[in-house]
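Asks: Following this message is one structure expressed as structure tokens.
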Amino acid sequence: MNFVVQNLQLAQGAFRLEIPDLSIQGNVIGIFGESGAGKTTLLEVVAGLRRPASGQIRVDDLCLTDRAKGTFLLPEQRGIGYVPQDLALFPHLSVRKNLTYGQKSAAASRLGFSHVIEVLNIEPLLDRAVSDLSGGQKQRIVFGRALLSSPRLLLMDEPLASLDHELKISIIPYLKRIRDEFKIPMLYVSHSPDEVVELCDQVIVMREGKCLRTDPPREIFETSTSMALKPGIYDSRK
Amino acid sequence: MNADDIQVIGLTLGTAALSTLIIFPFGVALAWLLARKEWPGKSLVDTLVALPLVIPPVATGLILLNLLGRRGPIGAFLQNAFGAQIVFTWKAVVAAMAVMSFPFLVRTVRLAFEEINPRLEQVARTLGASPVRVWMTITLPLAARGMMAGAVWAFARALGEFGATILVAGNIPGRTTTISVAIYSDIQLGQDGHAYQLLAVSAVIAFVAILFSNRFSRWGAPR
């Protein structure tokens, strides 16, 4: 995936998201930074849930937003699979109906229902109510729901942030299977270095609404086993 | 219970149901606009809608009388355009009930919309659903219990409406006398026993309405 952002500006109260020029290639691109860095806001702009004041966003040859040309694809036109931080499973629908909510017809669907179910190991949960699921089960259903909409891009907003350590460890292999089996490009927001190192091949480091640098994870963290940030990582440099 | 009582009960139930039906689509639309959108004049409309809750019902009735009377702007228009007279007819009963119960409907339904996590609707859009599909499959089912509760509260409020009704519709037996007005009239005439009978009927109707609302809430609860 080639992810390009140009002259992006969005003000939200005192917070300003400003990304003058960003171009990065990778299959799983991490968006890393502390709370309040603007990671979620950037993801919501990519999802079409917020309209920037100015700027252009492109994913490969698809222009999602270009304010100068008046282009703004609506969320339903973008072909994205969005996994929000709070999961947002539809509480009044069964697990199966949640999963198939965005599913295209069999002909239009690039990912088969049974394949997704098998990869995420959620077959026994299909006829359960959402309220009966554990945190880890809900997480896998949300992944499945996003995948079954046959997205051209997956947007993951800190999908493991609300899980305890053990659950996190149990979910990461599923994320790796999604990455390796479906090969759908992914923007992965996290403030957790270990998740970024495990899953991403490129990282955008953000702070206070700005993109500071883009590098592979090994350039950002001390060693492959230490999650400590290298000195000066938040110094402004692209 | 005699034929007149049955007529009073029938008129009350019919006008309360009709007023609820009339205000329901407008109330739901306004509740949604108040809950989900920012627009110029929102605070003003919000305050105006709540006004019947805080000003005396008789004052609301006086305003309606001035608006719907033959010389009032709405009354004169209806008279000239359709030959329709509103005040001191059953239509005035419906109008008084509608205005007085509208805030109950709007406030209850607005709360229902506000309780829906907007993220659910956003996620549905990202999954390819059009705004209409999102409304039909996410917003409406999740707000249905609140809408039903709002309608029941509005209906119950309409059943008990007195102050505005007596002013704008009067007390014309067989034409505008509702249960509340009949109870007042009976007390004035010293017919306390009959008043208590109507009171019991009124309480039973309200009880059944609220019972139905509570049952519906449980059936529609998210699993």
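Chain lettering (A, B, ...) mirrors the order of the structure tokens, residue numbering begins at 1 for each chain separately, and ligand numbering begins at 1 in order of display.
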Counting only C-alpha atoms, give me one row per residue of chain A with an atom at most 6 Å from an atom of chain B, showing the shortest contact pair and its distance in Å to one decimal, sorted by chain then residue number, as a Markdown table.
Replies:
```
| residue | atom | partner | partner_atom | distance |
| --- | --- | --- | --- | --- |
| A:Pro75 | CA | B:Thr126 | CA | 4.8 |
| A:Glu76 | CA | B:Gly128 | CA | 3.9 |
| A:Ala88 | CA | B:Leu120 | CA | 5.3 |
| A:Pro91 | CA | B:Pro222 | CA | 5.9 |
| A:His92 | CA | B:Pro222 | CA | 4.6 |
| A:Gly102 | CA | B:Leu127 | CA | 4.6 |
| A:Ala129 | CA | B:Arg223 | CA | 5.9 |
```
Asks: Contacts of stretch 179-191 of chain A at 8 Å or less, counting only C-alpha atoms, minus same-chain residues fewer than 6 places along, as a list of chain:residue names?
Replies: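 Final neighbour list, sorted by chain and number: A:Met1, A:Gly26, A:Asn27, A:Val28, A:Ile29, A:Gly30, A:Ile31, A:Phe32, A:Gly33, A:Glu34, A:Ser35, A:Lys39, A:Thr40, A:Leu43, A:Leu111, A:Pro151, A:Arg152, A:Leu153, A:Leu154, A:Leu155, A:Met156, A:Asp157, A:Glu158, A:Ala161, A:Cys200.
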Asks: Enumerate, as a PyMOL selection string, the complete set of residues in stretch 3-233 of chain A that a backbone-based DSSP assignment places in helix (DSSP H, G or I).
Replies: chain A and resi 39-47+67-69+75-77+95-100+113-120+123-125+130-132+135-147+165-182+193-199+217-220
Asks: Do you know which residues are at most 10 Å from B:Phe24 counting only C-alpha atoms, after dropping those on the same chain fewer than 2 positions away, and could you put them as a VMD selection string?
Replies: chain B and resid 18 to 22 26 to 30 98 102 105 to 106 109 147 to 148 150 to 151 154
Asks: Find the spatial neighbours of B:Phe77, counting only C-alpha atoms, within a cut-off of 12 Å - ignore same-chain residues fewer than 6 positions away - and output them as a PyMOL selection string.
Replies: chain B and resi 67-71+83-86
Asks: So that I can check the surroundings of B:Leu34, please list as a CSV table (one decimal) with C-alpha atoms, in the first residue's frame every protein, DNA and RNA residue that reaches within 10 Å of it, counting only C-alpha atoms and ignoring chain neighbours fewer than 4 positions away.
Replies:
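Wrote part.csv, looks like this:
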```csv
chain,number,residue,atom,x,y,z
B,28,VAL,CA,-39.5,11.7,16.5
B,29,ALA,CA,-38.0,13.9,13.7
B,30,LEU,CA,-37.5,16.8,16.1
B,38,GLU,CA,-26.4,21.2,15.4
B,39,TRP,CA,-28.4,23.9,13.7
B,42,LYS,CA,-31.8,24.8,18.1
B,43,SER,CA,-31.8,26.3,21.6
B,45,VAL,CA,-36.8,25.4,19.5
B,46,ASP,CA,-35.7,23.3,22.4
B,106,VAL,CA,-39.8,14.8,22.3
B,107,ARG,CA,-37.9,14.6,25.6
B,110,ARG,CA,-34.5,12.5,22.3
B,111,LEU,CA,-33.1,10.7,25.3
B,113,PHE,CA,-31.5,8.8,20.5
B,114,GLU,CA,-28.8,10.3,22.7
```
Asks: What's around A:Asp215 at 12 Å? Count only C-alpha atoms, leave out sequence neighbours fewer than 2 positions away in its own chain, and write the answer as a PDB file with N, CA, C and O atoms, in the first residue's frame.
Replies:
```pdb
ATOM      1  N   LEU A  22       3.174  13.521   3.667  1.00  0.00           N
ATOM      2  CA  LEU A  22       3.498  12.192   4.180  1.00  0.00           C
ATOM      3  C   LEU A  22       3.280  11.177   3.063  1.00  0.00           C
ATOM      4  O   LEU A  22       2.220  11.155   2.429  1.00  0.00           O
ATOM      5  N   SER A  23       4.297  10.394   2.807  1.00  0.00           N
ATOM      6  CA  SER A  23       4.153   9.328   1.819  1.00  0.00           C
ATOM      7  C   SER A  23       4.880   8.104   2.363  1.00  0.00           C
ATOM      8  O   SER A  23       6.067   8.168   2.708  1.00  0.00           O
ATOM      9  N   ILE A  24       4.165   7.005   2.484  1.00  0.00           N
ATOM     10  CA  ILE A  24       4.757   5.835   3.118  1.00  0.00           C
ATOM     11  C   ILE A  24       4.225   4.570   2.449  1.00  0.00           C
ATOM     12  O   ILE A  24       3.055   4.503   2.061  1.00  0.00           O
ATOM     13  N   GLN A  25       5.104   3.596   2.314  1.00  0.00           N
ATOM     14  CA  GLN A  25       4.714   2.328   1.701  1.00  0.00           C
ATOM     15  C   GLN A  25       4.854   1.212   2.718  1.00  0.00           C
ATOM     16  O   GLN A  25       5.847   1.143   3.436  1.00  0.00           O
ATOM     17  N   GLY A  26       3.874   0.342   2.763  1.00  0.00           N
ATOM     18  CA  GLY A  26       3.965  -0.797   3.672  1.00  0.00           C
ATOM     19  C   GLY A  26       2.673  -1.571   3.623  1.00  0.00           C
ATOM     20  O   GLY A  26       1.648  -1.038   3.184  1.00  0.00           O
ATOM     21  N   ILE A  29       0.889  -0.510   8.266  1.00  0.00           N
ATOM     22  CA  ILE A  29       1.535   0.739   8.689  1.00  0.00           C
ATOM     23  C   ILE A  29       1.008   1.104  10.071  1.00  0.00           C
ATOM     24  O   ILE A  29      -0.205   1.263  10.260  1.00  0.00           O
ATOM     25  N   GLY A  30       1.905   1.191  11.027  1.00  0.00           N
ATOM     26  CA  GLY A  30       1.528   1.570  12.374  1.00  0.00           C
ATOM     27  C   GLY A  30       1.438   3.081  12.491  1.00  0.00           C
ATOM     28  O   GLY A  30       2.202   3.807  11.862  1.00  0.00           O
ATOM     29  N   ILE A  31       0.476   3.541  13.267  1.00  0.00           N
ATOM     30  CA  ILE A  31       0.416   4.968  13.616  1.00  0.00           C
ATOM     31  C   ILE A  31       0.635   5.009  15.120  1.00  0.00           C
ATOM     32  O   ILE A  31      -0.223   4.575  15.896  1.00  0.00           O
ATOM     33  N   PHE A  32       1.808   5.483  15.494  1.00  0.00           N
ATOM     34  CA  PHE A  32       2.263   5.341  16.881  1.00  0.00           C
ATOM     35  C   PHE A  32       2.397   6.716  17.536  1.00  0.00           C
ATOM     36  O   PHE A  32       2.822   7.683  16.896  1.00  0.00           O
ATOM     37  N   VAL A 196       3.282  -2.695  17.814  1.00  0.00           N
ATOM     38  CA  VAL A 196       3.799  -2.115  16.575  1.00  0.00           C
ATOM     39  C   VAL A 196       4.937  -2.984  16.027  1.00  0.00           C
ATOM     40  O   VAL A 196       4.976  -3.300  14.840  1.00  0.00           O
ATOM     41  N   VAL A 197       5.833  -3.405  16.902  1.00  0.00           N
ATOM     42  CA  VAL A 197       6.966  -4.235  16.470  1.00  0.00           C
ATOM     43  C   VAL A 197       6.462  -5.586  15.948  1.00  0.00           C
ATOM     44  O   VAL A 197       6.933  -6.088  14.934  1.00  0.00           O
ATOM     45  N   CYS A 200       3.718  -4.441  12.515  1.00  0.00           N
ATOM     46  CA  CYS A 200       3.837  -3.428  11.462  1.00  0.00           C
ATOM     47  C   CYS A 200       5.172  -3.522  10.730  1.00  0.00           C
ATOM     48  O   CYS A 200       6.185  -3.927  11.301  1.00  0.00           O
ATOM     49  N   ASP A 201       5.150  -3.137   9.463  1.00  0.00           N
ATOM     50  CA  ASP A 201       6.428  -3.069   8.742  1.00  0.00           C
ATOM     51  C   ASP A 201       6.906  -1.623   8.575  1.00  0.00           C
ATOM     52  O   ASP A 201       8.060  -1.395   8.229  1.00  0.00           O
ATOM     53  N   GLN A 202       6.028  -0.677   8.787  1.00  0.00           N
ATOM     54  CA  GLN A 202       6.401   0.738   8.784  1.00  0.00           C
ATOM     55  C   GLN A 202       5.635   1.428   9.905  1.00  0.00           C
ATOM     56  O   GLN A 202       4.547   0.976  10.294  1.00  0.00           O
ATOM     57  N   VAL A 203       6.192   2.531  10.403  1.00  0.00           N
ATOM     58  CA  VAL A 203       5.547   3.234  11.507  1.00  0.00           C
ATOM     59  C   VAL A 203       5.549   4.742  11.237  1.00  0.00           C
ATOM     60  O   VAL A 203       6.557   5.309  10.809  1.00  0.00           O
ATOM     61  N   ILE A 204       4.386   5.353  11.477  1.00  0.00           N
ATOM     62  CA  ILE A 204       4.296   6.814  11.470  1.00  0.00           C
ATOM     63  C   ILE A 204       4.292   7.238  12.943  1.00  0.00           C
ATOM     64  O   ILE A 204       3.452   6.760  13.713  1.00  0.00           O
ATOM     65  N   VAL A 205       5.235   8.074  13.333  1.00  0.00           N
ATOM     66  CA  VAL A 205       5.270   8.546  14.723  1.00  0.00           C
ATOM     67  C   VAL A 205       4.596   9.908  14.780  1.00  0.00           C
ATOM     68  O   VAL A 205       4.952  10.820  14.028  1.00  0.00           O
ATOM     69  N   MET A 206       3.611  10.015  15.654  1.00  0.00           N
ATOM     70  CA  MET A 206       2.852  11.271  15.755  1.00  0.00           C
ATOM     71  C   MET A 206       2.977  11.886  17.140  1.00  0.00           C
ATOM     72  O   MET A 206       3.145  11.188  18.135  1.00  0.00           O
ATOM     73  N   CYS A 211       2.926  14.691  12.250  1.00  0.00           N
ATOM     74  CA  CYS A 211       3.677  13.480  11.945  1.00  0.00           C
ATOM     75  C   CYS A 211       5.162  13.819  12.058  1.00  0.00           C
ATOM     76  O   CYS A 211       5.665  14.693  11.346  1.00  0.00           O
ATOM     77  N   LEU A 212       5.857  13.155  12.980  1.00  0.00           N
ATOM     78  CA  LEU A 212       7.261  13.504  13.220  1.00  0.00           C
ATOM     79  C   LEU A 212       8.213  12.744  12.307  1.00  0.00           C
ATOM     80  O   LEU A 212       9.216  13.272  11.860  1.00  0.00           O
ATOM     81  N   ARG A 213       7.915  11.475  12.069  1.00  0.00           N
ATOM     82  CA  ARG A 213       8.806  10.689  11.221  1.00  0.00           C
ATOM     83  C   ARG A 213       8.115   9.407  10.758  1.00  0.00           C
ATOM     84  O   ARG A 213       7.107   8.995  11.325  1.00  0.00           O
ATOM     85  N   PRO A 217       9.857  -0.242  12.250  1.00  0.00           N
ATOM     86  CA  PRO A 217       9.889  -0.302  13.714  1.00  0.00           C
ATOM     87  C   PRO A 217      11.298  -0.402  14.291  1.00  0.00           C
ATOM     88  O   PRO A 217      11.599   0.183  15.331  1.00  0.00           O
ATOM     89  N   ARG A 218      12.186  -1.141  13.599  1.00  0.00           N
ATOM     90  CA  ARG A 218      13.532  -1.337  14.164  1.00  0.00           C
ATOM     91  C   ARG A 218      14.323  -0.029  14.236  1.00  0.00           C
ATOM     92  O   ARG A 218      15.277   0.088  14.993  1.00  0.00           O
ATOM     93  N   GLU A 219      13.913   0.946  13.452  1.00  0.00           N
ATOM     94  CA  GLU A 219      14.570   2.250  13.503  1.00  0.00           C
ATOM     95  C   GLU A 219      14.057   3.090  14.664  1.00  0.00           C
ATOM     96  O   GLU A 219      14.649   4.095  15.024  1.00  0.00           O
ATOM     97  N   ILE A 220      12.929   2.672  15.209  1.00  0.00           N
ATOM     98  CA  ILE A 220      12.279   3.513  16.217  1.00  0.00           C
ATOM     99  C   ILE A 220      12.500   2.981  17.632  1.00  0.00           C
ATOM    100  O   ILE A 220      12.671   3.738  18.575  1.00  0.00           O
ATOM    101  N   PHE A 221      12.546   1.650  17.737  1.00  0.00           N
ATOM    102  CA  PHE A 221      12.730   1.071  19.062  1.00  0.00           C
ATOM    103  C   PHE A 221      14.161   0.567  19.213  1.00  0.00           C
ATOM    104  O   PHE A 221      14.798   0.185  18.231  1.00  0.00           O
ATOM    105  N   ILE A 233      13.430  10.115  19.621  1.00  0.00           N
ATOM    106  CA  ILE A 233      12.442   9.638  18.660  1.00  0.00           C
ATOM    107  C   ILE A 233      11.351  10.667  18.422  1.00  0.00           C
ATOM    108  O   ILE A 233      10.739  10.718  17.365  1.00  0.00           O
ATOM    109  N   ARG A 237      11.581  15.197  12.874  1.00  0.00           N
ATOM    110  CA  ARG A 237      12.352  14.783  11.709  1.00  0.00           C
ATOM    111  C   ARG A 237      11.429  13.868  10.894  1.00  0.00           C
ATOM    112  O   ARG A 237      10.660  13.104  11.448  1.00  0.00           O
ATOM    113  N   LYS A 238      11.483  13.986   9.626  1.00  0.00           N
ATOM    114  CA  LYS A 238      10.615  13.139   8.840  1.00  0.00           C
ATOM    115  C   LYS A 238      11.342  11.962   8.245  1.00  0.00           C
ATOM    116  O   LYS A 238      12.497  12.063   7.956  1.00  0.00           O
TER     117      LYS A 238
END
```
Asks: Residues of stretch 7-238 of chain A in strand (DSSP E) according to DSSP, as a ChimeraX atom specification?
Replies: /A:7-12,15-25,28-32,54-59,62-66,71-72,80-83,153-157,186-190,202-207,210-215
Asks: Excluding same-chain residues fewer than 6 positions from B:Leu198, what lies within 9 Å of it counting only C-alpha atoms, as a tab-separated table (two decimals) with C-alpha atoms, in the first residue's frame?
Replies:
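Below is the file that was written, part15.tsv:
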```
chain	number	residue	atom	x	y	z
B	1	MET	CA	-71.82	3.62	33.77
B	5	ASP	CA	-70.02	7.84	30.22
B	9	ILE	CA	-64.49	7.55	27.61
B	179	ILE	CA	-62.89	12.29	31.31
B	180	SER	CA	-60.92	15.06	33.08
B	182	ALA	CA	-66.33	15.39	33.21
B	183	ILE	CA	-64.70	14.76	36.62
```
Asks: Compare A:Gln103, A:Gln9, A:Gln85, A:Asn121 by their minimum atom-to-atom distance to A:Pro159, counting only C-alpha atoms, and give me the closest one.
Replies: A:Gln85
Asks: Kindly indicate which residue among B:Met136, B:Leu44, B:Ala158, B:Val99 lies nearest to B:Ser202, using only C-alpha atoms for the distances.
Replies: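 Ranking B:Met136, B:Leu44, B:Ala158, B:Val99 by distance to B:Ser202, first place goes to B:Ala158.
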